[in-house]
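Engineer: Have a peek at protein37.cif (mmCIF, all heavy atoms).
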```
data_data
#
loop_
_atom_site.label_atom_id
_atom_site.label_comp_id
_atom_site.auth_asym_id
_atom_site.auth_seq_id
_atom_site.Cartn_x
_atom_site.Cartn_y
_atom_site.Cartn_z
N MET Z 241 1.37 -8.72 12.93
CA MET Z 241 0.92 -7.90 11.82
C MET Z 241 2.12 -7.26 11.10
O MET Z 241 2.17 -7.28 9.89
CB MET Z 241 -0.04 -6.84 12.35
CG MET Z 241 -0.72 -6.02 11.29
SD MET Z 241 -1.76 -6.93 10.15
CE MET Z 241 -2.82 -7.80 11.23
N GLU Z 242 3.04 -6.71 11.86
CA GLU Z 242 4.19 -6.02 11.26
C GLU Z 242 5.04 -6.94 10.37
O GLU Z 242 5.44 -6.52 9.29
CB GLU Z 242 5.05 -5.35 12.33
CG GLU Z 242 4.41 -4.12 12.93
CD GLU Z 242 4.10 -3.04 11.90
OE1 GLU Z 242 4.94 -2.78 11.02
OE2 GLU Z 242 3.01 -2.47 11.97
N PRO Z 243 5.32 -8.18 10.79
CA PRO Z 243 6.11 -9.05 9.91
C PRO Z 243 5.41 -9.30 8.56
O PRO Z 243 6.08 -9.37 7.52
CB PRO Z 243 6.25 -10.35 10.70
CG PRO Z 243 6.13 -9.94 12.12
CD PRO Z 243 5.12 -8.80 12.10
N LEU Z 244 4.10 -9.41 8.58
CA LEU Z 244 3.37 -9.62 7.32
C LEU Z 244 3.42 -8.37 6.45
O LEU Z 244 3.56 -8.46 5.23
CB LEU Z 244 1.92 -10.01 7.59
CG LEU Z 244 1.71 -11.40 8.18
CD1 LEU Z 244 0.25 -11.60 8.54
CD2 LEU Z 244 2.19 -12.47 7.22
N ILE Z 245 3.31 -7.22 7.06
CA ILE Z 245 3.39 -5.97 6.30
C ILE Z 245 4.79 -5.82 5.71
O ILE Z 245 4.94 -5.45 4.54
CB ILE Z 245 3.00 -4.76 7.18
CG1 ILE Z 245 1.49 -4.82 7.50
CG2 ILE Z 245 3.35 -3.45 6.49
CD1 ILE Z 245 1.01 -3.81 8.51
N ARG Z 246 5.82 -6.16 6.48
CA ARG Z 246 7.19 -6.12 5.96
C ARG Z 246 7.37 -7.12 4.82
O ARG Z 246 8.14 -6.90 3.90
CB ARG Z 246 8.21 -6.39 7.06
CG ARG Z 246 8.41 -5.21 7.99
CD ARG Z 246 9.64 -5.37 8.85
NE ARG Z 246 9.65 -6.62 9.62
CZ ARG Z 246 9.14 -6.77 10.84
NH1 ARG Z 246 8.57 -5.75 11.44
NH2 ARG Z 246 9.20 -7.94 11.46
N GLY Z 247 6.62 -8.22 4.89
CA GLY Z 247 6.69 -9.24 3.85
C GLY Z 247 6.27 -8.73 2.48
O GLY Z 247 6.66 -9.29 1.46
N LEU Z 248 5.50 -7.66 2.44
CA LEU Z 248 5.09 -7.07 1.16
C LEU Z 248 6.28 -6.53 0.38
O LEU Z 248 6.21 -6.37 -0.83
CB LEU Z 248 4.07 -5.95 1.38
CG LEU Z 248 2.74 -6.34 2.02
CD1 LEU Z 248 1.93 -5.10 2.33
CD2 LEU Z 248 1.98 -7.31 1.12
N ASN Z 249 7.38 -6.25 1.08
CA ASN Z 249 8.58 -5.70 0.44
C ASN Z 249 9.67 -6.74 0.25
O ASN Z 249 10.79 -6.39 -0.12
CB ASN Z 249 9.11 -4.53 1.27
CG ASN Z 249 8.12 -3.40 1.33
OD1 ASN Z 249 7.55 -3.02 0.33
ND2 ASN Z 249 7.89 -2.88 2.52
N SER Z 250 9.36 -7.99 0.48
CA SER Z 250 10.36 -9.04 0.36
C SER Z 250 10.81 -9.20 -1.09
O SER Z 250 10.04 -8.96 -2.03
CB SER Z 250 9.78 -10.37 0.85
OG SER Z 250 10.68 -11.42 0.61
N GLU Z 251 12.04 -9.63 -1.27
CA GLU Z 251 12.52 -9.95 -2.61
C GLU Z 251 11.92 -11.27 -3.11
O GLU Z 251 11.89 -11.53 -4.31
CB GLU Z 251 14.05 -10.04 -2.61
CG GLU Z 251 14.71 -8.70 -2.38
CD GLU Z 251 16.22 -8.79 -2.40
OE1 GLU Z 251 16.77 -9.81 -2.86
OE2 GLU Z 251 16.86 -7.82 -1.96
N ASN Z 252 11.44 -12.08 -2.18
CA ASN Z 252 10.87 -13.38 -2.51
C ASN Z 252 9.39 -13.24 -2.87
O ASN Z 252 8.58 -12.81 -2.05
CB ASN Z 252 11.05 -14.31 -1.30
CG ASN Z 252 10.60 -15.72 -1.57
OD1 ASN Z 252 9.49 -15.94 -2.05
ND2 ASN Z 252 11.44 -16.68 -1.23
N GLN Z 253 9.05 -13.62 -4.09
CA GLN Z 253 7.68 -13.46 -4.56
C GLN Z 253 6.70 -14.28 -3.72
O GLN Z 253 5.58 -13.82 -3.45
CB GLN Z 253 7.57 -13.88 -6.03
CG GLN Z 253 6.17 -13.72 -6.59
CD GLN Z 253 6.07 -14.08 -8.06
OE1 GLN Z 253 7.07 -14.33 -8.71
NE2 GLN Z 253 4.87 -14.11 -8.57
N ASN Z 254 7.08 -15.48 -3.30
CA ASN Z 254 6.18 -16.30 -2.48
C ASN Z 254 5.85 -15.62 -1.16
O ASN Z 254 4.71 -15.67 -0.69
CB ASN Z 254 6.80 -17.67 -2.22
CG ASN Z 254 6.82 -18.53 -3.46
OD1 ASN Z 254 5.95 -18.43 -4.31
ND2 ASN Z 254 7.82 -19.38 -3.57
N ILE Z 255 6.84 -14.98 -0.56
CA ILE Z 255 6.61 -14.27 0.70
C ILE Z 255 5.67 -13.09 0.47
O ILE Z 255 4.74 -12.86 1.25
CB ILE Z 255 7.93 -13.80 1.34
CG1 ILE Z 255 8.74 -15.03 1.80
CG2 ILE Z 255 7.69 -12.83 2.49
CD1 ILE Z 255 10.12 -14.71 2.30
N ARG Z 256 5.90 -12.35 -0.61
CA ARG Z 256 5.01 -11.21 -0.92
C ARG Z 256 3.57 -11.68 -1.12
O ARG Z 256 2.64 -11.11 -0.54
CB ARG Z 256 5.50 -10.46 -2.16
CG ARG Z 256 6.79 -9.72 -1.96
CD ARG Z 256 7.11 -8.79 -3.12
NE ARG Z 256 7.02 -9.40 -4.43
CZ ARG Z 256 8.04 -9.99 -5.06
NH1 ARG Z 256 9.23 -10.05 -4.49
NH2 ARG Z 256 7.86 -10.51 -6.26
N GLU Z 257 3.39 -12.72 -1.93
CA GLU Z 257 2.03 -13.21 -2.21
C GLU Z 257 1.36 -13.75 -0.96
O GLU Z 257 0.18 -13.47 -0.71
CB GLU Z 257 2.09 -14.27 -3.30
CG GLU Z 257 2.43 -13.71 -4.66
CD GLU Z 257 2.59 -14.78 -5.73
OE1 GLU Z 257 2.51 -15.98 -5.40
OE2 GLU Z 257 2.79 -14.40 -6.90
N ASN Z 258 2.09 -14.52 -0.17
CA ASN Z 258 1.51 -15.06 1.07
C ASN Z 258 1.17 -13.95 2.04
O ASN Z 258 0.14 -14.02 2.73
CB ASN Z 258 2.45 -16.08 1.71
CG ASN Z 258 2.46 -17.39 0.95
OD1 ASN Z 258 1.45 -17.81 0.40
ND2 ASN Z 258 3.61 -18.04 0.90
N SER Z 259 1.99 -12.92 2.09
CA SER Z 259 1.71 -11.79 2.97
C SER Z 259 0.40 -11.12 2.56
O SER Z 259 -0.42 -10.77 3.41
CB SER Z 259 2.85 -10.77 2.94
OG SER Z 259 4.01 -11.30 3.53
N VAL Z 260 0.22 -10.93 1.26
CA VAL Z 260 -1.02 -10.32 0.76
C VAL Z 260 -2.23 -11.16 1.19
O VAL Z 260 -3.18 -10.64 1.77
CB VAL Z 260 -0.99 -10.17 -0.79
CG1 VAL Z 260 -2.37 -9.81 -1.32
CG2 VAL Z 260 0.03 -9.14 -1.21
N PHE Z 261 -2.19 -12.45 0.91
CA PHE Z 261 -3.34 -13.31 1.23
C PHE Z 261 -3.62 -13.35 2.73
O PHE Z 261 -4.77 -13.28 3.15
CB PHE Z 261 -3.13 -14.72 0.69
CG PHE Z 261 -3.16 -14.79 -0.81
CD1 PHE Z 261 -2.11 -15.35 -1.50
CD2 PHE Z 261 -4.23 -14.29 -1.53
CE1 PHE Z 261 -2.12 -15.41 -2.89
CE2 PHE Z 261 -4.27 -14.35 -2.91
CZ PHE Z 261 -3.21 -14.92 -3.59
N LEU Z 262 -2.56 -13.45 3.54
CA LEU Z 262 -2.76 -13.50 4.99
C LEU Z 262 -3.29 -12.18 5.53
O LEU Z 262 -4.17 -12.18 6.40
CB LEU Z 262 -1.46 -13.89 5.68
CG LEU Z 262 -1.05 -15.36 5.49
CD1 LEU Z 262 0.37 -15.58 5.97
CD2 LEU Z 262 -2.02 -16.28 6.20
N LEU Z 263 -2.76 -11.07 5.04
CA LEU Z 263 -3.24 -9.77 5.52
C LEU Z 263 -4.70 -9.56 5.16
O LEU Z 263 -5.48 -9.04 5.97
CB LEU Z 263 -2.37 -8.64 4.94
CG LEU Z 263 -0.98 -8.53 5.55
CD1 LEU Z 263 -0.10 -7.61 4.71
CD2 LEU Z 263 -1.04 -8.05 6.99
N ILE Z 264 -5.08 -9.97 3.97
CA ILE Z 264 -6.50 -9.86 3.57
C ILE Z 264 -7.35 -10.76 4.45
O ILE Z 264 -8.42 -10.36 4.93
CB ILE Z 264 -6.67 -10.19 2.08
CG1 ILE Z 264 -6.04 -9.09 1.23
CG2 ILE Z 264 -8.14 -10.39 1.73
CD1 ILE Z 264 -5.94 -9.43 -0.25
N ASP Z 265 -6.90 -11.99 4.68
CA ASP Z 265 -7.63 -12.94 5.51
C ASP Z 265 -7.82 -12.43 6.93
O ASP Z 265 -8.90 -12.56 7.50
CB ASP Z 265 -6.86 -14.26 5.56
CG ASP Z 265 -7.63 -15.41 4.99
OD1 ASP Z 265 -8.69 -15.17 4.38
OD2 ASP Z 265 -7.18 -16.55 5.16
N ILE Z 266 -6.78 -11.87 7.51
CA ILE Z 266 -6.84 -11.37 8.88
C ILE Z 266 -7.80 -10.19 8.98
O ILE Z 266 -8.57 -10.08 9.93
CB ILE Z 266 -5.44 -10.98 9.39
CG1 ILE Z 266 -4.58 -12.24 9.52
CG2 ILE Z 266 -5.52 -10.22 10.71
CD1 ILE Z 266 -3.11 -11.97 9.75
N GLY Z 267 -7.76 -9.31 7.98
CA GLY Z 267 -8.72 -8.21 7.93
C GLY Z 267 -8.45 -7.07 8.89
O GLY Z 267 -9.35 -6.30 9.19
N ASP Z 268 -7.23 -6.94 9.36
CA ASP Z 268 -6.88 -5.85 10.29
C ASP Z 268 -6.75 -4.55 9.51
O ASP Z 268 -6.08 -4.50 8.48
CB ASP Z 268 -5.56 -6.19 10.98
CG ASP Z 268 -5.25 -5.25 12.13
OD1 ASP Z 268 -5.18 -4.03 11.89
OD2 ASP Z 268 -5.05 -5.74 13.25
N GLU Z 269 -7.37 -3.50 10.01
CA GLU Z 269 -7.37 -2.23 9.28
C GLU Z 269 -5.98 -1.60 9.16
O GLU Z 269 -5.75 -0.77 8.29
CB GLU Z 269 -8.34 -1.23 9.90
CG GLU Z 269 -8.00 -0.77 11.27
CD GLU Z 269 -9.05 0.16 11.85
OE1 GLU Z 269 -10.25 -0.17 11.78
OE2 GLU Z 269 -8.66 1.20 12.37
N ARG Z 270 -5.03 -2.02 9.99
CA ARG Z 270 -3.65 -1.50 9.87
C ARG Z 270 -3.00 -1.93 8.56
O ARG Z 270 -2.03 -1.33 8.12
CB ARG Z 270 -2.79 -1.99 11.03
CG ARG Z 270 -3.20 -1.43 12.38
CD ARG Z 270 -2.38 -2.04 13.47
NE ARG Z 270 -2.78 -3.44 13.64
CZ ARG Z 270 -2.20 -4.30 14.46
NH1 ARG Z 270 -1.17 -3.93 15.20
NH2 ARG Z 270 -2.65 -5.53 14.58
N ALA Z 271 -3.53 -2.96 7.94
CA ALA Z 271 -2.95 -3.47 6.70
C ALA Z 271 -3.52 -2.78 5.45
O ALA Z 271 -2.99 -2.98 4.36
CB ALA Z 271 -3.18 -4.97 6.60
N VAL Z 272 -4.56 -1.99 5.60
CA VAL Z 272 -5.24 -1.42 4.43
C VAL Z 272 -4.29 -0.55 3.60
O VAL Z 272 -4.16 -0.74 2.40
CB VAL Z 272 -6.50 -0.63 4.84
CG1 VAL Z 272 -7.08 0.13 3.66
CG2 VAL Z 272 -7.53 -1.57 5.43
N LYS Z 273 -3.62 0.42 4.23
CA LYS Z 273 -2.73 1.30 3.46
C LYS Z 273 -1.57 0.56 2.81
O LYS Z 273 -1.32 0.73 1.62
CB LYS Z 273 -2.23 2.45 4.33
CG LYS Z 273 -3.25 3.53 4.55
CD LYS Z 273 -2.66 4.71 5.29
CE LYS Z 273 -3.71 5.77 5.50
NZ LYS Z 273 -3.17 6.95 6.18
N PRO Z 274 -0.85 -0.30 3.56
CA PRO Z 274 0.24 -1.03 2.92
C PRO Z 274 -0.24 -1.95 1.80
O PRO Z 274 0.41 -2.05 0.75
CB PRO Z 274 0.87 -1.84 4.05
CG PRO Z 274 0.44 -1.18 5.31
CD PRO Z 274 -0.87 -0.53 5.01
N LEU Z 275 -1.38 -2.61 2.00
CA LEU Z 275 -1.91 -3.47 0.94
C LEU Z 275 -2.32 -2.67 -0.29
O LEU Z 275 -2.04 -3.07 -1.42
CB LEU Z 275 -3.12 -4.26 1.45
CG LEU Z 275 -2.84 -5.55 2.17
CD1 LEU Z 275 -4.12 -6.08 2.80
CD2 LEU Z 275 -2.22 -6.58 1.27
N THR Z 276 -2.98 -1.56 -0.07
CA THR Z 276 -3.40 -0.71 -1.18
C THR Z 276 -2.19 -0.23 -1.96
O THR Z 276 -2.18 -0.29 -3.19
CB THR Z 276 -4.22 0.49 -0.67
OG1 THR Z 276 -5.35 -0.01 0.05
CG2 THR Z 276 -4.69 1.36 -1.81
N LYS Z 277 -1.18 0.21 -1.26
CA LYS Z 277 0.04 0.68 -1.92
C LYS Z 277 0.69 -0.45 -2.71
O LYS Z 277 1.07 -0.27 -3.87
CB LYS Z 277 1.01 1.22 -0.86
CG LYS Z 277 2.28 1.77 -1.43
CD LYS Z 277 3.18 2.32 -0.33
CE LYS Z 277 4.49 2.81 -0.91
NZ LYS Z 277 5.39 3.34 0.13
N TYR Z 278 0.79 -1.63 -2.10
CA TYR Z 278 1.40 -2.78 -2.78
C TYR Z 278 0.59 -3.17 -4.02
O TYR Z 278 1.15 -3.36 -5.10
CB TYR Z 278 1.50 -3.97 -1.83
CG TYR Z 278 1.99 -5.21 -2.52
CD1 TYR Z 278 3.34 -5.42 -2.73
CD2 TYR Z 278 1.09 -6.16 -3.01
CE1 TYR Z 278 3.80 -6.55 -3.40
CE2 TYR Z 278 1.54 -7.29 -3.68
CZ TYR Z 278 2.89 -7.47 -3.87
OH TYR Z 278 3.33 -8.58 -4.54
N LEU Z 279 -0.71 -3.30 -3.87
CA LEU Z 279 -1.54 -3.74 -4.99
C LEU Z 279 -1.58 -2.72 -6.12
O LEU Z 279 -1.57 -3.09 -7.29
CB LEU Z 279 -2.95 -4.07 -4.50
CG LEU Z 279 -3.03 -5.29 -3.58
CD1 LEU Z 279 -4.42 -5.42 -2.99
CD2 LEU Z 279 -2.64 -6.56 -4.32
N ASN Z 280 -1.59 -1.44 -5.79
CA ASN Z 280 -1.55 -0.41 -6.83
C ASN Z 280 -0.24 -0.47 -7.61
O ASN Z 280 -0.22 -0.24 -8.82
CB ASN Z 280 -1.74 0.98 -6.24
CG ASN Z 280 -3.18 1.26 -5.90
OD1 ASN Z 280 -4.10 0.66 -6.45
ND2 ASN Z 280 -3.39 2.16 -4.97
N ALA Z 281 0.84 -0.76 -6.93
CA ALA Z 281 2.15 -0.80 -7.58
C ALA Z 281 2.40 -2.11 -8.33
O ALA Z 281 3.23 -2.16 -9.23
CB ALA Z 281 3.25 -0.61 -6.54
N ASN Z 282 1.66 -3.15 -7.99
CA ASN Z 282 1.96 -4.47 -8.54
C ASN Z 282 0.81 -5.13 -9.29
O ASN Z 282 0.82 -6.32 -9.51
CB ASN Z 282 2.42 -5.41 -7.40
CG ASN Z 282 3.73 -4.95 -6.83
OD1 ASN Z 282 4.76 -5.11 -7.45
ND2 ASN Z 282 3.69 -4.36 -5.66
N THR Z 283 -0.17 -4.35 -9.68
CA THR Z 283 -1.30 -4.87 -10.44
C THR Z 283 -1.32 -4.20 -11.80
O THR Z 283 -1.27 -2.98 -11.88
CB THR Z 283 -2.63 -4.59 -9.70
OG1 THR Z 283 -2.55 -5.15 -8.39
CG2 THR Z 283 -3.80 -5.21 -10.43
N ARG Z 284 -1.36 -5.01 -12.81
CA ARG Z 284 -1.40 -4.44 -14.17
C ARG Z 284 -2.75 -3.78 -14.41
O ARG Z 284 -3.79 -4.27 -14.00
CB ARG Z 284 -1.21 -5.54 -15.20
CG ARG Z 284 0.15 -6.16 -15.14
CD ARG Z 284 0.27 -7.18 -16.21
NE ARG Z 284 1.54 -7.88 -16.04
CZ ARG Z 284 1.84 -8.99 -16.64
NH1 ARG Z 284 0.97 -9.57 -17.44
NH2 ARG Z 284 3.01 -9.56 -16.46
N ALA Z 285 -2.69 -2.66 -15.10
CA ALA Z 285 -3.93 -1.97 -15.47
C ALA Z 285 -4.69 -2.82 -16.47
O ALA Z 285 -4.12 -3.40 -17.39
CB ALA Z 285 -3.61 -0.60 -16.07
N GLN Z 286 -5.98 -2.90 -16.27
CA GLN Z 286 -6.82 -3.66 -17.18
C GLN Z 286 -7.29 -2.75 -18.31
O GLN Z 286 -7.79 -1.66 -18.06
CB GLN Z 286 -8.04 -4.21 -16.43
CG GLN Z 286 -7.67 -5.18 -15.34
CD GLN Z 286 -7.04 -6.43 -15.87
OE1 GLN Z 286 -7.47 -6.97 -16.89
NE2 GLN Z 286 -6.01 -6.90 -15.21
N PRO Z 287 -7.13 -3.19 -19.56
CA PRO Z 287 -7.61 -2.36 -20.67
C PRO Z 287 -9.13 -2.27 -20.63
O PRO Z 287 -9.80 -3.19 -20.19
CB PRO Z 287 -7.14 -3.11 -21.91
CG PRO Z 287 -6.92 -4.50 -21.46
CD PRO Z 287 -6.56 -4.43 -19.99
N GLU Z 288 -9.62 -1.15 -21.05
CA GLU Z 288 -11.07 -0.98 -21.09
C GLU Z 288 -11.66 -1.86 -22.17
O GLU Z 288 -11.10 -2.02 -23.26
CB GLU Z 288 -11.42 0.48 -21.39
CG GLU Z 288 -11.12 1.41 -20.25
CD GLU Z 288 -11.62 2.80 -20.53
OE1 GLU Z 288 -12.67 2.96 -21.19
OE2 GLU Z 288 -10.94 3.74 -20.09
N ILE Z 289 -12.79 -2.44 -21.88
CA ILE Z 289 -13.49 -3.26 -22.86
C ILE Z 289 -14.52 -2.35 -23.54
O ILE Z 289 -15.37 -1.77 -22.90
CB ILE Z 289 -14.19 -4.46 -22.19
CG1 ILE Z 289 -13.16 -5.35 -21.53
CG2 ILE Z 289 -15.03 -5.23 -23.19
CD1 ILE Z 289 -13.74 -6.46 -20.70
N GLN Z 290 -14.37 -2.24 -24.82
CA GLN Z 290 -15.28 -1.40 -25.58
C GLN Z 290 -16.32 -2.28 -26.26
O GLN Z 290 -15.99 -3.29 -26.85
CB GLN Z 290 -14.52 -0.57 -26.60
CG GLN Z 290 -13.53 0.38 -25.97
CD GLN Z 290 -12.79 1.19 -27.01
OE1 GLN Z 290 -12.97 1.00 -28.21
NE2 GLN Z 290 -11.95 2.09 -26.56
N GLU Z 291 -17.56 -1.83 -26.15
CA GLU Z 291 -18.62 -2.57 -26.81
C GLU Z 291 -18.55 -2.30 -28.30
O GLU Z 291 -18.28 -1.19 -28.74
CB GLU Z 291 -19.98 -2.14 -26.25
CG GLU Z 291 -20.20 -2.60 -24.84
CD GLU Z 291 -21.59 -2.24 -24.38
OE1 GLU Z 291 -22.52 -2.23 -25.22
OE2 GLU Z 291 -21.74 -1.98 -23.19
N ASN Z 292 -18.81 -3.32 -29.05
CA ASN Z 292 -18.82 -3.20 -30.49
C ASN Z 292 -20.22 -2.74 -30.92
O ASN Z 292 -21.16 -3.51 -30.92
CB ASN Z 292 -18.48 -4.55 -31.13
CG ASN Z 292 -18.12 -4.41 -32.59
OD1 ASN Z 292 -18.07 -3.31 -33.11
ND2 ASN Z 292 -17.84 -5.52 -33.23
N LYS Z 293 -20.35 -1.46 -31.24
CA LYS Z 293 -21.65 -0.91 -31.61
C LYS Z 293 -21.76 -0.87 -33.14
O LYS Z 293 -21.10 -0.12 -33.80
CB LYS Z 293 -21.82 0.50 -31.05
CG LYS Z 293 -21.81 0.51 -29.54
CD LYS Z 293 -21.97 1.91 -29.00
CE LYS Z 293 -21.97 1.86 -27.49
NZ LYS Z 293 -22.09 3.17 -26.90
N THR Z 294 -22.57 -1.77 -33.64
CA THR Z 294 -22.78 -1.80 -35.09
C THR Z 294 -24.22 -1.74 -35.44
O THR Z 294 -25.09 -1.99 -34.68
CB THR Z 294 -22.17 -3.09 -35.72
OG1 THR Z 294 -22.76 -4.23 -35.07
CG2 THR Z 294 -20.68 -3.09 -35.60
#
```
What does this structure look like when you write it as structure tokens?
Structural biologist:
Amino acid sequence: MEPLIRGLNSENQNIRENSVFLLIDIGDERAVKPLTKYLNANTRAQPEIQENKT
């Protein structure tokens, strides 16, 4: 588990992405905080979709 969590901080994008997918797949609760922190820091904010009211 620890090597995958450390992988979230790798300089290599492939290692970071694979670590995310594997940690999610494994589903161990020890990964929740590190994954949440990583995803919050590395996910673009989605613009709000406004309905066109005419």
Engineer: Which one is closest to Z:Met241: Z:Ile266, Z:Val260, Z:Thr283, Z:Leu275? Count all atoms listed in the file.
Structural biologist: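 Counting all atoms listed in the file, the residue closest to Z:Met241 is Z:Ile266.
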Engineer: Atom C of Z:Tyr278 and atom CA of Z:Ser250, how far apart in Å?
Structural biologist: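 These two atoms are separated by 12.2 Å.
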Engineer: For the structure shown, which residues end up in the PyMOL selection byres ((chain Z and resi 244) around 4)? Put them as a PyMOL selection string, please?
Structural biologist: chain Z and resi 241-243+245-248+259+262-263+266
Engineer: Generate the output file for the selected residues, all heavy atoms, as a compact mmCIF listing (two decimals), keeping the file's coordinate frame.
Structural biologist:
```txt
# COMPACT_ATOMS: atom_id res chain seq x y z
N MET Z 241 1.37 -8.72 12.93
CA MET Z 241 0.92 -7.90 11.82
C MET Z 241 2.12 -7.26 11.10
O MET Z 241 2.17 -7.28 9.89
CB MET Z 241 -0.04 -6.84 12.35
CG MET Z 241 -0.72 -6.02 11.29
SD MET Z 241 -1.76 -6.93 10.15
CE MET Z 241 -2.82 -7.80 11.23
N GLU Z 242 3.04 -6.71 11.86
CA GLU Z 242 4.19 -6.02 11.26
C GLU Z 242 5.04 -6.94 10.37
O GLU Z 242 5.44 -6.52 9.29
CB GLU Z 242 5.05 -5.35 12.33
CG GLU Z 242 4.41 -4.12 12.93
CD GLU Z 242 4.10 -3.04 11.90
OE1 GLU Z 242 4.94 -2.78 11.02
OE2 GLU Z 242 3.01 -2.47 11.97
N PRO Z 243 5.32 -8.18 10.79
CA PRO Z 243 6.11 -9.05 9.91
C PRO Z 243 5.41 -9.30 8.56
O PRO Z 243 6.08 -9.37 7.52
CB PRO Z 243 6.25 -10.35 10.70
CG PRO Z 243 6.13 -9.94 12.12
CD PRO Z 243 5.12 -8.80 12.10
N ILE Z 245 3.31 -7.22 7.06
CA ILE Z 245 3.39 -5.97 6.30
C ILE Z 245 4.79 -5.82 5.71
O ILE Z 245 4.94 -5.45 4.54
CB ILE Z 245 3.00 -4.76 7.18
CG1 ILE Z 245 1.49 -4.82 7.50
CG2 ILE Z 245 3.35 -3.45 6.49
CD1 ILE Z 245 1.01 -3.81 8.51
N ARG Z 246 5.82 -6.16 6.48
CA ARG Z 246 7.19 -6.12 5.96
C ARG Z 246 7.37 -7.12 4.82
O ARG Z 246 8.14 -6.90 3.90
CB ARG Z 246 8.21 -6.39 7.06
CG ARG Z 246 8.41 -5.21 7.99
CD ARG Z 246 9.64 -5.37 8.85
NE ARG Z 246 9.65 -6.62 9.62
CZ ARG Z 246 9.14 -6.77 10.84
NH1 ARG Z 246 8.57 -5.75 11.44
NH2 ARG Z 246 9.20 -7.94 11.46
N GLY Z 247 6.62 -8.22 4.89
CA GLY Z 247 6.69 -9.24 3.85
C GLY Z 247 6.27 -8.73 2.48
O GLY Z 247 6.66 -9.29 1.46
N LEU Z 248 5.50 -7.66 2.44
CA LEU Z 248 5.09 -7.07 1.16
C LEU Z 248 6.28 -6.53 0.38
O LEU Z 248 6.21 -6.37 -0.83
CB LEU Z 248 4.07 -5.95 1.38
CG LEU Z 248 2.74 -6.34 2.02
CD1 LEU Z 248 1.93 -5.10 2.33
CD2 LEU Z 248 1.98 -7.31 1.12
N SER Z 259 1.99 -12.92 2.09
CA SER Z 259 1.71 -11.79 2.97
C SER Z 259 0.40 -11.12 2.56
O SER Z 259 -0.42 -10.77 3.41
CB SER Z 259 2.85 -10.77 2.94
OG SER Z 259 4.01 -11.30 3.53
N LEU Z 262 -2.56 -13.45 3.54
CA LEU Z 262 -2.76 -13.50 4.99
C LEU Z 262 -3.29 -12.18 5.53
O LEU Z 262 -4.17 -12.18 6.40
CB LEU Z 262 -1.46 -13.89 5.68
CG LEU Z 262 -1.05 -15.36 5.49
CD1 LEU Z 262 0.37 -15.58 5.97
CD2 LEU Z 262 -2.02 -16.28 6.20
N LEU Z 263 -2.76 -11.07 5.04
CA LEU Z 263 -3.24 -9.77 5.52
C LEU Z 263 -4.70 -9.56 5.16
O LEU Z 263 -5.48 -9.04 5.97
CB LEU Z 263 -2.37 -8.64 4.94
CG LEU Z 263 -0.98 -8.53 5.55
CD1 LEU Z 263 -0.10 -7.61 4.71
CD2 LEU Z 263 -1.04 -8.05 6.99
N ILE Z 266 -6.78 -11.87 7.51
CA ILE Z 266 -6.84 -11.37 8.88
C ILE Z 266 -7.80 -10.19 8.98
O ILE Z 266 -8.57 -10.08 9.93
CB ILE Z 266 -5.44 -10.98 9.39
CG1 ILE Z 266 -4.58 -12.24 9.52
CG2 ILE Z 266 -5.52 -10.22 10.71
CD1 ILE Z 266 -3.11 -11.97 9.75
```
Engineer: Among chain Z, which ones does DSSP assign to alpha helix (DSSP H) (computed from the backbone)? Answer as number ranges by chain.
Structural biologist: Z: 242-247, 253-266, 272-282
Engineer: How far is it from atom CA of Z:Ala281 to atom CA of Z:Asp265, in Å with one decimal?
Structural biologist: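 Computed distance, atom CA of Z:Ala281 to atom CA of Z:Asp265, equals 20.4 Å.
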